[in-house]
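Undergrad: Before I ask anything, here is the structure I am working with.
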Amino acid sequence: MSVFDQFGVSPIINAKGPATRLSGGIMRPEVSQAMVEASQCCVDMAELQAAASRVIAAATGAEAGYVASGAAACLLLATAACVTGLDPGAMARLPDTTGMKNEVVMVRSQRNFYDHAVRAAGVKIIEVGLPDRYAGAGVRDAEAWEIDDAITERTAAIFYVADTQAQPPLKDLTRIGLARGVPVIVDAAAQLPPQSNLKRFITEGADLVAYSGGKALGGPQASGILCGRRDLIMAAALHHLDHDIHWDMWEPPAALIDKSRLKGAPQHGIGRTCKVGKEEIAGLLTALRLFIAEGDAARHARWLKSIHLIASRLSSSAATAVRIRNEGLVECVPQLELTLQGEHSAAAVIDKLRRDNPSIHVDPAERNANRIIINPMCLHETEVELVAERLAAVL
Ligand SMILES: *Cc1c(COP(=O)(O)O)cnc(C)c1O
């Protein structure tokens with residue numbers, strides 16, 4: 001039985017990884033427990049965010065940190081912070097950015113569905129570079145000098161989507177950002193593991209970095225981390241926090257918000273829509289601690305155990321080639337790759353598993369290559385056996 005049964009919703013088995021569509025992953029009992037305990041008393045939210053800032057700063061090497069309702073929410077806060085700085089009037093006017101710096105420079109090949117969160121702050125994305133996939137002449141993607149060229153007095157930020165293949169290298173962009181006085185925002189939502197990526201982008205000079213709380217960190221699905229420069233995190237906090245309080249009564253924690261730098265308190269900002277509860281913050285900080293304590297090697301071994309169990313039930317045959325990806329790479333997520341051959345269609349098998357009871361969701365990203373990918377990140381120990389059984393039966 002699950003809590004969802006009373007609503008007539010059947011739990012599914014998530015062998016795809018932490019997708020929002022599939023409700024993310026399964027939290028560790030310690031994380032759930034932290035959320036339950038948090039729900040049983042009240043705190044001052046600014047004070048809790050200041051405490052989160054200290055924990056996140058220690059984990060990332062950044063000056064400060066903040067928690068919002070997801071990495072996408074953090075990108076909206078980050079962009080808004082870069083547009084308005086600490087001006088409460090400008091904060092109150094967003095997403096109307098008339099008269100403000102309202103352009104964000106971005107490599108065209110990095111455009112993705114999540115950049116809607118950046119645009120939601122009221123900025124226009126200025127695309128740079130042409131990743132030519134058609135003429136055969138496209139040996140280069142955007143280059144650092146092109147980013148430099150695109151910066152004007154209207155540029156609020158440079159936006160960079162981190163990935164192992166991302167070009168140009170982040171260090172080249174942060175050098176330009178520093179020289180031109182333009183902050184660099186990094187979307188690192190799905191860049192964990194490796195654990196070293198918690199510090200990497202800040203070390204490489206990023207001004208603000210966003211991570212999902214609900215992906216590999218194992219925190220609440222509706223949580224995300226923003227870390228970076230103290231003044232920008234202060235601006236993000238001002239966009240986000242509820243300021244329904246008299247100015248003379250308002251004593252925000254100085255480590256998060258330096259009241260002396262403000263001419264007044266902003267009204268509810270654009271980030272108010274990215275609200276996060278004390279439960280999410282307590283859960284996320286607990287998950288972050290457990291993520292760091294576990295380490296890449298132990299985490300990889302835990303995931304690999306699930307993959308091995310499933311693989312042991314599926315021997316390669318004329319119909320299916322079985323391969324384990326990232327088996328020896330502890331900084332990556334191990335995955336099971338099943339390549340179907342001959343008449344057998346990956347799309348049909350994926351549909352069959354999905355229509356099963358319980359419904360099993362695998363990763364369909366490579367179905368056109370007739371491949372099924374199994375990701376172990378969101379599989380409960382008790383579900384691994386069932387996935388192995390069902391796959392063996394269907395294949
Ligand atoms: C998952 C993801 C996001 C959104 O993260 P949430 O925590 O779900 O808001 C943003 N950018 C990229 C690249 C992602 O993979």
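Residues are referred to by chain and number: the chain letter is A, B, ... according to the order shown in the structure tokens, the number counts from 1 in that chain, and ligands are numbered separately from 1 in the order shown.
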Taking only C-alpha atoms and all ligand atoms and a cut-off of 9 Å, can you tell me which residues surround ligand 1, written as a PyMOL selection string?
TA: chain A and resi 18-20+24+69-75+112-115+117+161-163+187-191+210-215+221-225
Undergrad: Residues within 10 Å of Pro220 (chain A), please, as a PyMOL selection string. Count only C-alpha atoms; anything in the same chain fewer than 6 positions from it doesn't count.
TA: chain A and resi 24-27+31-32+35+69-70+212-214+279-285+287
Undergrad: To one decimal in Å, tell me the separation between CA of Asp172 (chain A) and CA of Thr84 (chain A).
TA: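 Spanning CA of Asp172 (chain A) to CA of Thr84 (chain A) is a straight-line distance of 25.3 Å.
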Undergrad: Among region 31-273 of chain A, which residues carry a DSSP assignment of strand (DSSP E or B), reported as a JSON list (two decimals) with N, CA and C atoms, in the first residue's frame?
TA:
[["chain", "number", "residue", "atom", "x", "y", "z"],
["A", 64, "ALA", "N", 28.47, 32.21, -0.69],
["A", 64, "ALA", "CA", 27.14, 32.09, -0.08],
["A", 64, "ALA", "C", 26.29, 31.12, -0.89],
["A", 65, "GLY", "N", 25.16, 30.73, -0.32],
["A", 65, "GLY", "CA", 24.27, 29.81, -1.02],
["A", 65, "GLY", "C", 22.83, 30.06, -0.66],
["A", 66, "TYR", "N", 21.93, 29.42, -1.37],
["A", 66, "TYR", "CA", 20.50, 29.65, -1.18],
["A", 66, "TYR", "C", 19.73, 28.43, -1.66],
["A", 67, "VAL", "N", 18.52, 28.26, -1.15],
["A", 67, "VAL", "CA", 17.69, 27.13, -1.58],
["A", 67, "VAL", "C", 16.39, 27.66, -2.19],
["A", 68, "ALA", "N", 16.02, 27.15, -3.36],
["A", 68, "ALA", "CA", 14.72, 27.47, -3.95],
["A", 68, "ALA", "C", 14.08, 26.17, -4.44],
["A", 103, "GLU", "N", 19.74, 41.85, -21.32],
["A", 103, "GLU", "CA", 20.15, 40.83, -22.29],
["A", 103, "GLU", "C", 21.07, 39.81, -21.60],
["A", 104, "VAL", "N", 20.88, 38.54, -21.97],
["A", 104, "VAL", "CA", 21.73, 37.48, -21.45],
["A", 104, "VAL", "C", 22.38, 36.77, -22.64],
["A", 105, "VAL", "N", 23.69, 36.73, -22.63],
["A", 105, "VAL", "CA", 24.43, 36.13, -23.74],
["A", 105, "VAL", "C", 24.61, 34.64, -23.48],
["A", 106, "MET", "N", 24.38, 33.85, -24.54],
["A", 106, "MET", "CA", 24.39, 32.39, -24.37],
["A", 106, "MET", "C", 24.85, 31.73, -25.67],
["A", 107, "VAL", "N", 25.60, 30.66, -25.56],
["A", 107, "VAL", "CA", 26.03, 29.91, -26.74],
["A", 107, "VAL", "C", 24.80, 29.23, -27.36],
["A", 124, "LYS", "N", 16.14, 39.09, -22.66],
["A", 124, "LYS", "CA", 16.21, 38.51, -24.00],
["A", 124, "LYS", "C", 17.51, 37.73, -24.09],
["A", 125, "ILE", "N", 17.44, 36.53, -24.65],
["A", 125, "ILE", "CA", 18.67, 35.75, -24.83],
["A", 125, "ILE", "C", 19.33, 36.13, -26.16],
["A", 126, "ILE", "N", 20.59, 36.49, -26.07],
["A", 126, "ILE", "CA", 21.37, 36.81, -27.27],
["A", 126, "ILE", "C", 22.20, 35.57, -27.61],
["A", 127, "GLU", "N", 21.86, 34.91, -28.70],
["A", 127, "GLU", "CA", 22.53, 33.66, -29.07],
["A", 127, "GLU", "C", 23.84, 33.94, -29.80],
["A", 128, "VAL", "N", 24.83, 33.15, -29.48],
["A", 128, "VAL", "CA", 26.15, 33.33, -30.07],
["A", 128, "VAL", "C", 26.63, 32.02, -30.70],
["A", 155, "THR", "N", 24.11, 44.03, -21.39],
["A", 155, "THR", "CA", 24.29, 42.63, -20.97],
["A", 155, "THR", "C", 24.22, 42.49, -19.45],
["A", 156, "ALA", "N", 23.27, 41.67, -18.99],
["A", 156, "ALA", "CA", 23.11, 41.45, -17.55],
["A", 156, "ALA", "C", 23.96, 40.28, -17.09],
["A", 157, "ALA", "N", 24.12, 39.27, -17.96],
["A", 157, "ALA", "CA", 24.84, 38.06, -17.56],
["A", 157, "ALA", "C", 25.23, 37.25, -18.79],
["A", 158, "ILE", "N", 26.18, 36.35, -18.57],
["A", 158, "ILE", "CA", 26.48, 35.30, -19.53],
["A", 158, "ILE", "C", 25.90, 34.03, -18.91],
["A", 159, "PHE", "N", 25.16, 33.26, -19.70],
["A", 159, "PHE", "CA", 24.54, 32.04, -19.18],
["A", 159, "PHE", "C", 25.21, 30.83, -19.83],
["A", 160, "TYR", "N", 25.66, 29.89, -18.99],
["A", 160, "TYR", "CA", 26.43, 28.74, -19.47],
["A", 160, "TYR", "C", 25.79, 27.46, -18.95],
["A", 161, "VAL", "N", 25.57, 26.51, -19.84],
["A", 161, "VAL", "CA", 24.98, 25.23, -19.45],
["A", 161, "VAL", "C", 26.10, 24.20, -19.39],
["A", 184, "VAL", "N", 28.77, 35.49, -14.67],
["A", 184, "VAL", "CA", 28.51, 34.25, -15.40],
["A", 184, "VAL", "C", 27.65, 33.33, -14.53],
["A", 185, "ILE", "N", 26.48, 32.94, -15.07],
["A", 185, "ILE", "CA", 25.56, 32.03, -14.39],
["A", 185, "ILE", "C", 25.74, 30.64, -15.02],
["A", 186, "VAL", "N", 25.90, 29.61, -14.17],
["A", 186, "VAL", "CA", 26.08, 28.25, -14.69],
["A", 186, "VAL", "C", 24.89, 27.38, -14.30],
["A", 187, "ASP", "N", 24.28, 26.73, -15.29],
["A", 187, "ASP", "CA", 23.29, 25.70, -15.03],
["A", 187, "ASP", "C", 24.04, 24.38, -14.89],
["A", 208, "LEU", "N", 27.56, 32.51, -10.26],
["A", 208, "LEU", "CA", 26.40, 31.83, -9.67],
["A", 208, "LEU", "C", 26.26, 30.44, -10.31],
["A", 209, "VAL", "N", 25.97, 29.44, -9.51],
["A", 209, "VAL", "CA", 25.81, 28.07, -10.03],
["A", 209, "VAL", "C", 24.54, 27.46, -9.45],
["A", 210, "ALA", "N", 23.75, 26.80, -10.32],
["A", 210, "ALA", "CA", 22.51, 26.16, -9.87],
["A", 210, "ALA", "C", 22.61, 24.64, -10.00],
["A", 211, "TYR", "N", 22.16, 23.93, -8.95],
["A", 211, "TYR", "CA", 22.10, 22.46, -8.95],
["A", 211, "TYR", "C", 20.67, 22.03, -8.59],
["A", 212, "SER", "N", 20.23, 20.92, -9.15],
["A", 212, "SER", "CA", 18.97, 20.32, -8.74],
["A", 212, "SER", "C", 19.14, 19.65, -7.38],
["A", 224, "GLY", "N", 16.28, 23.08, -5.00],
["A", 224, "GLY", "CA", 17.47, 23.33, -5.81],
["A", 224, "GLY", "C", 18.41, 24.23, -5.04],
["A", 225, "ILE", "N", 19.68, 24.19, -5.43],
["A", 225, "ILE", "CA", 20.72, 24.97, -4.76],
["A", 225, "ILE", "C", 21.21, 26.06, -5.70],
["A", 226, "LEU", "N", 21.33, 27.27, -5.16],
["A", 226, "LEU", "CA", 22.03, 28.32, -5.88],
["A", 226, "LEU", "C", 23.21, 28.72, -5.00],
["A", 227, "CYS", "N", 24.41, 28.80, -5.59],
["A", 227, "CYS", "CA", 25.55, 29.24, -4.80],
["A", 227, "CYS", "C", 26.35, 30.24, -5.61],
["A", 228, "GLY", "N", 27.13, 31.06, -4.92],
["A", 228, "GLY", "CA", 27.94, 32.04, -5.65],
["A", 228, "GLY", "C", 28.30, 33.25, -4.82]]
Undergrad: When distances are computed from only C-alpha atoms, which of A:Pro334, A:Pro169, A:Gly264, A:Gly8 shows the smallest separation from Ile374 (chain A)?
TA: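 For Ile374 (chain A), the nearest of the candidates is A:Pro334.
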